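Here is the file start_31.pdb (PDB, C-alpha atoms).
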```
MODEL        1
ATOM      1  CA  MET A  21      16.228  -0.830   1.736
ATOM      2  CA  TYR A  22      13.372   0.789  -0.186
ATOM      3  CA  LYS A  23      11.036  -1.425  -2.204
ATOM      4  CA  ILE A  24       9.634   0.147  -5.362
ATOM      5  CA  LEU A  25       7.374  -0.936  -8.211
ATOM      6  CA  MET A  26       8.183   0.018 -11.817
ATOM      7  CA  VAL A  27       5.217  -0.007 -14.207
ATOM      8  CA  ASP A  28       5.933   0.371 -17.933
ATOM      9  CA  ASP A  29       4.981  -1.561 -21.069
ATOM     10  CA  ASP A  30       8.339  -0.753 -22.719
ATOM     11  CA  ALA A  31      10.521  -3.755 -21.803
ATOM     12  CA  MET A  32      13.767  -1.891 -22.519
ATOM     13  CA  ILE A  33      12.883   1.057 -20.296
ATOM     14  CA  LEU A  34      11.722  -1.336 -17.596
ATOM     15  CA  LYS A  35      14.990  -3.272 -17.760
ATOM     16  CA  ASP A  36      17.173  -0.143 -17.710
ATOM     17  CA  ASN A  37      15.287   1.304 -14.744
ATOM     18  CA  GLN A  38      15.341  -1.981 -12.863
ATOM     19  CA  THR A  39      19.080  -2.409 -13.423
ATOM     20  CA  TYR A  40      19.869   1.105 -12.225
ATOM     21  CA  PHE A  41      17.705   1.050  -9.099
ATOM     22  CA  SER A  42      18.807  -2.480  -8.168
ATOM     23  CA  THR A  43      22.444  -1.368  -8.464
ATOM     24  CA  MET A  44      21.659   1.552  -6.155
ATOM     25  CA  GLY A  45      20.360  -0.847  -3.500
ATOM     26  CA  TYR A  46      16.607  -0.789  -4.084
ATOM     27  CA  GLU A  47      14.394  -3.858  -4.129
ATOM     28  CA  VAL A  48      12.565  -3.589  -7.463
ATOM     29  CA  ALA A  49       9.338  -5.200  -8.644
ATOM     30  CA  CYS A  50       8.191  -4.756 -12.263
ATOM     31  CA  ALA A  51       4.888  -4.792 -14.121
ATOM     32  CA  GLY A  52       4.042  -4.299 -17.793
ATOM     33  CA  THR A  53       0.304  -3.663 -17.365
ATOM     34  CA  ALA A  54      -1.941  -1.737 -14.991
ATOM     35  CA  ARG A  55      -3.767  -4.848 -13.811
ATOM     36  CA  GLU A  56      -0.520  -6.636 -13.037
ATOM     37  CA  ALA A  57       0.657  -3.557 -11.131
ATOM     38  CA  GLU A  58      -2.540  -3.416  -9.092
ATOM     39  CA  LYS A  59      -2.097  -7.054  -8.039
ATOM     40  CA  ILE A  60       1.474  -6.382  -6.913
ATOM     41  CA  ILE A  61       0.395  -3.332  -4.913
ATOM     42  CA  LEU A  62      -2.329  -5.401  -3.254
ATOM     43  CA  SER A  63       0.063  -8.138  -2.159
ATOM     44  CA  ASN A  64       3.279  -6.274  -1.283
ATOM     45  CA  ALA A  65       4.527  -3.624   1.108
ATOM     46  CA  LEU A  66       5.974  -0.914  -1.163
ATOM     47  CA  ASP A  67       7.633   2.461  -0.642
ATOM     48  CA  CYS A  68       6.934   4.018  -4.055
ATOM     49  CA  VAL A  69       5.430   3.350  -7.495
ATOM     50  CA  ILE A  70       7.049   4.655 -10.692
ATOM     51  CA  LEU A  71       4.128   4.651 -13.109
ATOM     52  CA  ASP A  72       4.088   5.079 -16.878
ATOM     53  CA  VAL A  73       1.059   7.009 -18.155
ATOM     54  CA  ASP A  74       0.561   5.115 -21.419
ATOM     55  CA  LEU A  75      -0.206   1.479 -20.528
ATOM     56  CA  PRO A  76      -1.905  -1.064 -22.840
ATOM     57  CA  ASP A  77      -4.861  -2.028 -20.625
ATOM     58  CA  MET A  78      -5.536   1.121 -18.624
ATOM     59  CA  SER A  79      -4.037   4.610 -18.433
ATOM     60  CA  GLY A  80      -1.659   5.337 -15.615
ATOM     61  CA  PHE A  81      -3.979   8.160 -14.564
ATOM     62  CA  THR A  82      -6.874   5.728 -14.110
ATOM     63  CA  LEU A  83      -4.690   3.287 -12.194
ATOM     64  CA  CYS A  84      -3.504   6.098  -9.949
ATOM     65  CA  GLU A  85      -7.087   7.024  -9.111
ATOM     66  CA  LYS A  86      -7.820   3.387  -8.203
ATOM     67  CA  ILE A  87      -4.712   3.161  -6.025
ATOM     68  CA  ARG A  88      -5.593   6.382  -4.258
ATOM     69  CA  THR A  89      -8.875   4.891  -2.967
ATOM     70  CA  LYS A  90      -6.819   2.385  -0.989
ATOM     71  CA  THR A  91      -3.394   3.775  -0.092
ATOM     72  CA  GLY A  92      -1.309   6.922   0.180
ATOM     73  CA  LEU A  93       1.666   5.175  -1.424
ATOM     74  CA  PRO A  94       3.885   7.743  -3.256
ATOM     75  CA  ILE A  95       3.382   7.683  -7.036
ATOM     76  CA  VAL A  96       5.821   9.191  -9.562
ATOM     77  CA  PHE A  97       4.528   9.390 -13.137
ATOM     78  CA  LEU A  98       6.755   8.765 -16.152
ATOM     79  CA  SER A  99       5.469  10.018 -19.471
ATOM     80  CA  GLY A 100       6.379  11.027 -22.987
ATOM     81  CA  TYR A 101       3.538  13.540 -22.826
ATOM     82  CA  THR A 102       5.190  16.809 -21.915
ATOM     83  CA  GLU A 103       2.152  19.098 -22.255
ATOM     84  CA  GLU A 104       1.235  21.086 -19.151
ATOM     85  CA  GLU A 105      -2.331  19.701 -19.117
ATOM     86  CA  ASN A 106      -1.000  16.136 -18.775
ATOM     87  CA  ARG A 107       1.319  17.103 -15.927
ATOM     88  CA  ILE A 108      -1.542  18.879 -14.181
ATOM     89  CA  ARG A 109      -3.816  15.880 -14.670
ATOM     90  CA  GLY A 110      -1.199  13.529 -13.239
ATOM     91  CA  LEU A 111      -0.964  15.596 -10.071
ATOM     92  CA  SER A 112      -4.722  16.176  -9.831
ATOM     93  CA  VAL A 113      -5.547  12.435  -9.835
ATOM     94  CA  GLY A 114      -3.204  11.824  -6.913
ATOM     95  CA  GLY A 115       0.300  11.604  -8.361
ATOM     96  CA  ASP A 116       3.124  12.995  -6.236
ATOM     97  CA  ASP A 117       5.476  13.883  -9.113
ATOM     98  CA  TYR A 118       5.601  13.880 -12.923
ATOM     99  CA  VAL A 119       8.803  13.128 -14.855
ATOM    100  CA  CYS A 120       8.929  13.576 -18.623
ATOM    101  CA  LYS A 121      10.765  11.211 -20.978
ATOM    102  CA  PRO A 122      13.646  11.235 -21.753
ATOM    103  CA  TYR A 123      14.956  11.638 -18.230
ATOM    104  CA  SER A 124      18.062  11.194 -16.109
ATOM    105  CA  LEU A 125      18.008   8.044 -13.995
ATOM    106  CA  ARG A 126      19.845   9.892 -11.241
ATOM    107  CA  GLU A 127      17.249  12.657 -11.250
ATOM    108  CA  LEU A 128      14.461  10.064 -11.187
ATOM    109  CA  GLU A 129      16.060   8.394  -8.177
ATOM    110  CA  LEU A 130      16.350  11.713  -6.332
ATOM    111  CA  ARG A 131      12.689  12.449  -7.017
ATOM    112  CA  VAL A 132      11.699   9.003  -5.760
ATOM    113  CA  GLN A 133      13.777   9.478  -2.595
ATOM    114  CA  ALA A 134      12.189  12.884  -1.995
ATOM    115  CA  ARG A 135       8.666  11.507  -2.338
ATOM    116  CA  ILE A 136       9.352   8.586  -0.024
ATOM    117  CA  ARG A 137      10.840  10.900   2.601
ATOM    118  CA  SER A 138       8.079  13.490   2.355
ATOM    119  CA  GLY A 139       5.416  10.812   2.569
ATOM    120  CA  ARG A 140       6.937   9.380   5.723
ATOM    121  CA  ALA A 141       7.532  12.822   7.219
ATOM    122  CA  ALA A 142       3.882  13.779   6.668
ATOM    123  CA  LYS A 143       2.770  10.872   8.827
ATOM    124  CA  PRO A 144       5.415  10.022  11.405
ATOM    125  CA  PRO A 145       5.243   6.271  11.988
ATOM    126  CA  GLU A 146       3.811   5.313  15.365
ATOM    127  CA  THR A 147       4.522   1.777  16.526
ATOM    128  CA  LEU A 148       1.568   0.180  18.307
ATOM    129  CA  VAL A 149       2.420  -2.196  21.133
ATOM    130  CA  TYR A 150       0.027  -4.560  22.903
ATOM    131  CA  GLY A 151       1.956  -6.829  25.230
ATOM    132  CA  HIS A 152       4.216  -9.068  23.143
ATOM    133  CA  PHE A 153       2.488  -7.921  19.932
ATOM    134  CA  SER A 154       3.832  -4.919  18.005
ATOM    135  CA  ILE A 155       2.761  -3.234  14.753
ATOM    136  CA  TYR A 156       5.311  -1.228  12.719
ATOM    137  CA  PRO A 157       4.008   1.367  10.183
ATOM    138  CA  SER A 158       7.512   2.116   8.878
ATOM    139  CA  SER A 159       7.859  -1.407   7.487
ATOM    140  CA  CYS A 160       4.207  -2.533   7.184
ATOM    141  CA  SER A 161       4.963  -5.421   9.497
ATOM    142  CA  ALA A 162       4.023  -6.900  12.869
ATOM    143  CA  SER A 163       5.803  -9.079  15.392
ATOM    144  CA  TYR A 164       4.960 -11.314  18.299
ATOM    145  CA  GLY A 165       7.976 -12.079  20.436
ATOM    146  CA  THR A 166      10.732 -13.129  18.039
ATOM    147  CA  ARG A 167       8.386 -13.910  15.128
ATOM    148  CA  SER A 168       7.472 -11.302  12.523
ATOM    149  CA  VAL A 169       5.390 -10.999   9.355
ATOM    150  CA  ASP A 170       5.052  -8.470   6.502
ATOM    151  CA  PHE A 171       1.794  -7.119   5.102
ATOM    152  CA  SER A 172       0.788  -5.592   1.790
ATOM    153  CA  SER A 173      -0.251  -1.933   1.852
ATOM    154  CA  TYR A 174      -3.941  -2.865   1.692
ATOM    155  CA  GLU A 175      -3.647  -5.391   4.519
ATOM    156  CA  PHE A 176      -1.584  -3.142   6.741
ATOM    157  CA  ASP A 177      -3.909  -0.153   6.352
ATOM    158  CA  VAL A 178      -6.817  -2.213   7.685
ATOM    159  CA  LEU A 179      -4.839  -3.833  10.510
ATOM    160  CA  TYR A 180      -3.380  -0.528  11.651
ATOM    161  CA  PHE A 181      -6.753   1.238  11.607
ATOM    162  CA  LEU A 182      -8.428  -1.453  13.707
ATOM    163  CA  ALA A 183      -5.456  -1.713  16.088
ATOM    164  CA  LYS A 184      -5.570   2.044  16.740
ATOM    165  CA  HIS A 185      -9.118   1.525  18.051
ATOM    166  CA  PRO A 186      -8.910  -1.650  20.151
ATOM    167  CA  GLY A 187     -12.225  -3.148  21.182
ATOM    168  CA  GLU A 188     -14.286  -0.950  18.823
ATOM    169  CA  ILE A 189     -16.477  -2.648  16.234
ATOM    170  CA  PHE A 190     -16.397  -1.205  12.699
ATOM    171  CA  THR A 191     -18.749  -2.134   9.887
ATOM    172  CA  PRO A 192     -17.306  -2.751   6.393
ATOM    173  CA  ASP A 193     -18.767   0.611   5.360
ATOM    174  CA  GLN A 194     -16.905   2.387   8.156
ATOM    175  CA  ILE A 195     -13.647   0.642   7.327
ATOM    176  CA  TYR A 196     -13.875   1.614   3.650
ATOM    177  CA  ASP A 197     -14.740   5.176   4.527
ATOM    178  CA  SER A 198     -12.054   5.560   7.196
ATOM    179  CA  VAL A 199      -9.186   3.626   5.582
ATOM    180  CA  TRP A 200      -9.608   4.147   1.841
ATOM    181  CA  LYS A 201     -12.161   6.969   1.571
ATOM    182  CA  ALA A 202     -14.157   4.745  -0.786
ATOM    183  CA  PRO A 203     -17.807   3.596  -0.745
ATOM    184  CA  ILE A 204     -18.615   0.025   0.214
ATOM    185  CA  ASN A 205     -19.822  -0.834  -3.294
ATOM    186  CA  LYS A 206     -16.164  -0.825  -4.323
ATOM    187  CA  GLY A 207     -16.068  -4.406  -3.112
ATOM    188  CA  GLN A 208     -17.150  -5.882   0.200
ATOM    189  CA  LYS A 209     -15.848  -9.252  -0.969
ATOM    190  CA  SER A 210     -12.375  -7.734  -1.388
ATOM    191  CA  LEU A 211     -12.434  -6.609   2.244
ATOM    192  CA  GLN A 212     -13.334 -10.132   3.328
ATOM    193  CA  VAL A 213     -10.365 -11.459   1.353
ATOM    194  CA  ILE A 214      -8.045  -8.902   2.941
ATOM    195  CA  MET A 215      -9.330  -9.790   6.424
ATOM    196  CA  GLY A 216      -8.662 -13.448   5.689
ATOM    197  CA  ARG A 217      -5.081 -12.674   4.672
ATOM    198  CA  ILE A 218      -4.481 -10.557   7.767
ATOM    199  CA  ARG A 219      -5.784 -13.291  10.064
ATOM    200  CA  LYS A 220      -3.709 -15.949   8.330
ATOM    201  CA  LYS A 221      -0.527 -13.915   8.732
ATOM    202  CA  LEU A 222      -1.259 -13.091  12.362
ATOM    203  CA  TYR A 223      -1.896 -16.770  13.059
ATOM    204  CA  GLU A 224       1.607 -17.543  11.765
ATOM    205  CA  ILE A 225       3.206 -15.465  14.515
ATOM    206  CA  CYS A 226       0.580 -15.885  17.245
ATOM    207  CA  PRO A 227      -1.646 -18.980  16.804
ATOM    208  CA  GLN A 228      -2.948 -18.805  20.363
ATOM    209  CA  HIS A 229      -4.980 -15.618  19.927
ATOM    210  CA  ASP A 230      -7.282 -14.047  17.310
ATOM    211  CA  TYR A 231      -6.413 -10.361  17.162
ATOM    212  CA  ILE A 232      -8.924  -9.609  14.399
ATOM    213  CA  GLN A 233     -12.389 -10.829  15.307
ATOM    214  CA  THR A 234     -15.780 -10.711  13.603
ATOM    215  CA  LYS A 235     -19.074  -9.824  15.228
ATOM    216  CA  ARG A 236     -21.854 -11.288  13.138
ATOM    217  CA  TYR A 237     -24.052  -8.649  11.487
ATOM    218  CA  LYS A 238     -21.926  -5.928  13.134
ATOM    219  CA  GLY A 239     -18.404  -5.859  11.754
ATOM    220  CA  TYR A 240     -14.767  -6.319  12.720
ATOM    221  CA  LEU A 241     -12.688  -5.387  15.740
ATOM    222  CA  PHE A 242      -9.148  -5.653  17.063
ATOM    223  CA  VAL A 243      -8.870  -7.461  20.405
ATOM    224  CA  PRO A 244      -5.535  -7.288  22.277
ATOM    225  CA  GLU A 245      -4.484 -10.568  23.860
ATOM    226  CA  GLN A 246      -5.049  -9.378  27.395
ATOM    227  CA  GLU A 247      -8.630  -8.323  26.653
ATOM    228  CA  THR A 248     -11.777 -10.327  26.055
ATOM    229  CA  ALA A 249     -13.970  -9.785  23.025
ATOM    230  CA  LEU A 250     -17.213  -7.888  23.618
TER
ENDMDL
END
```
Translate the structure described by the file into structure tokens.
Amino acid sequence: MYKILMVDDDAMILKDNQTYFSTMGYEVACAGTAREAEKIILSNALDCVILDVDLPDMSGFTLCEKIRTKTGLPIVFLSGYTEEENRIRGLSVGGDDYVCKPYSLRELELRVQARIRSGRAAKPPETLVYGHFSIYPSSCSASYGTRSVDFSSYEFDVLYFLAKHPGEIFTPDQIYDSVWKAPINKGQKSLQVIMGRIRKKLYEICPQHDYIQTKRYKGYLFVPEQETAL
């Protein structure tokens, strides 16, 4: 089942889209503002965002640029602006597709499916396994034995990056640059919050070992259970 986020300040459009996609078997989250959408993206594992351009608190283009500093999540724009310059702008800020209103719900679904598939095909998921602990990119989740836990896109990106380099210490600057291609002044405190969430979730499935560890004044590292921290 794909999980998608619909972002639109028109309640009727939001309801119609949600009803259609839910009927087709999707798990649908909804947001009426850009800030609400950003919070949902931060705290959920999603497959695609359907994003209206004209939002009350921030343009969809601006939100897309913010999202792109943190995740490669597929983004499909919806807009009543049909001019070529708007379509070009939507794609230039990181959008994967641009659908003009009015539109066919079936066509929108096919476009969403295509973007989800192409995004996954571009980066074939590689499961990381360390003993009883496994990390699954295809579902943004991890398991230890029979216990499993889901991560938001932000959380999973950090966990996966560190786990691909076990035992290596990365500063916050390096993590921002490698994971989100963004400078550290975007929010070191936010990274600390994300690390706290990752550790809390990992503790739920494996309380006997700290996979994400901190080296004071140095940074963070992933330590497999069978290894000892440096």
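Distances from A:Cys120, A:Gln212, A:Met78, A:Tyr180 to Arg55 of chain A were compared using all atoms listed in the file, and the smallest one belongs to A:Met78.
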**Nearest to Tyr223 of chain A, chosen from A:Lys90, A:Arg167, A:Arg236, A:Arg131, with only C-alpha atoms counted in the distances** = A:Arg167
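Take the candidates A:Ala134, A:Ser173, A:Ser163, A:Thr82 and check each one against Lys59 of chain A using all atoms listed in the file; the shortest distance goes to A:Ser173.
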Centre and edges of the segment 149-164 of chain A box, axis-aligned, 5 Å extra per side, as JSON:
```
{"center_x": 3.9, "center_y": -4.6, "center_z": 16.2, "size_x": 17.8, "size_y": 23.4, "size_z": 28.0}
```
**For Ser172 of chain A: contacts at 9 Å, only C-alpha atoms, fewer than 3 positions along chain excluded, given as an NGL selection string** = :A and (60-66 or 160-161 or 175-177)
**Request:** Determine the residue set returned by the PyMOL selection byres ((chain A and resi 50) around 9) for the present structure, and present it as a VMD selection string.
**Result:** chain A and resid 24 to 28 34 to 35 38 48 to 49 51 to 52 56 to 57 60
**Request:** Spell out the residues picked by the PyMOL selection byres ((chain A and resi 86) around 12) here, as a PyMOL selection string.
**Result:** chain A and resi 54-55+57-59+61-62+78-85+87-93+113-115+200-202+206
File dump, residues just selected, C-alpha atoms, as a PDB file, in the coordinates of the input:
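Listing of part.pdb after writing:
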```
ATOM      1  CA  ALA A  54      -1.941  -1.737 -14.991  1.00  0.00           C
ATOM      2  CA  ARG A  55      -3.767  -4.848 -13.811  1.00  0.00           C
ATOM      3  CA  ALA A  57       0.657  -3.557 -11.131  1.00  0.00           C
ATOM      4  CA  GLU A  58      -2.540  -3.416  -9.092  1.00  0.00           C
ATOM      5  CA  LYS A  59      -2.097  -7.054  -8.039  1.00  0.00           C
ATOM      6  CA  ILE A  61       0.395  -3.332  -4.913  1.00  0.00           C
ATOM      7  CA  LEU A  62      -2.329  -5.401  -3.254  1.00  0.00           C
ATOM      8  CA  MET A  78      -5.536   1.121 -18.624  1.00  0.00           C
ATOM      9  CA  SER A  79      -4.037   4.610 -18.433  1.00  0.00           C
ATOM     10  CA  GLY A  80      -1.659   5.337 -15.615  1.00  0.00           C
ATOM     11  CA  PHE A  81      -3.979   8.160 -14.564  1.00  0.00           C
ATOM     12  CA  THR A  82      -6.874   5.728 -14.110  1.00  0.00           C
ATOM     13  CA  LEU A  83      -4.690   3.287 -12.194  1.00  0.00           C
ATOM     14  CA  CYS A  84      -3.504   6.098  -9.949  1.00  0.00           C
ATOM     15  CA  GLU A  85      -7.087   7.024  -9.111  1.00  0.00           C
ATOM     16  CA  ILE A  87      -4.712   3.161  -6.025  1.00  0.00           C
ATOM     17  CA  ARG A  88      -5.593   6.382  -4.258  1.00  0.00           C
ATOM     18  CA  THR A  89      -8.875   4.891  -2.967  1.00  0.00           C
ATOM     19  CA  LYS A  90      -6.819   2.385  -0.989  1.00  0.00           C
ATOM     20  CA  THR A  91      -3.394   3.775  -0.092  1.00  0.00           C
ATOM     21  CA  GLY A  92      -1.309   6.922   0.180  1.00  0.00           C
ATOM     22  CA  LEU A  93       1.666   5.175  -1.424  1.00  0.00           C
ATOM     23  CA  VAL A 113      -5.547  12.435  -9.835  1.00  0.00           C
ATOM     24  CA  GLY A 114      -3.204  11.824  -6.913  1.00  0.00           C
ATOM     25  CA  GLY A 115       0.300  11.604  -8.361  1.00  0.00           C
ATOM     26  CA  TRP A 200      -9.608   4.147   1.841  1.00  0.00           C
ATOM     27  CA  LYS A 201     -12.161   6.969   1.571  1.00  0.00           C
ATOM     28  CA  ALA A 202     -14.157   4.745  -0.786  1.00  0.00           C
ATOM     29  CA  LYS A 206     -16.164  -0.825  -4.323  1.00  0.00           C
TER      30      LYS A 206
END
```
**Prompt:** How far is it from atom CA of Leu182 of chain A to atom CA of Phe242 of chain A, in Å with one decimal?
**Reply:** 5.4 Å
**Prompt:** Hey, can you check how far atom CA of Glu47 of chain A sits from atom CA of Asp170 of chain A?
**Reply:**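 We find that atom CA of Glu47 of chain A and atom CA of Asp170 of chain A lie 14.9 Å from each other.
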**Prompt:** Which one is closest to Pro94 of chain A: A:Val132, A:Ile189, A:Ala183, A:Val213? Count all atoms listed in the file.
**Reply:** A:Val132
**Item:** Gap from atom CA of Tyr237 of chain A to atom CA of Ile214 of chain A - Å, one decimal
**Value:** 18.1 Å
**Message:** I'd like to see the residues matched by the PyMOL selection byres ((chain A and resi 100) around 9) on this file, and ideally I'd get them as JSON, numbers by chain.
**Reply:** {"A": [72, 73, 74, 98, 99, 101, 102, 119, 120, 121, 122]}
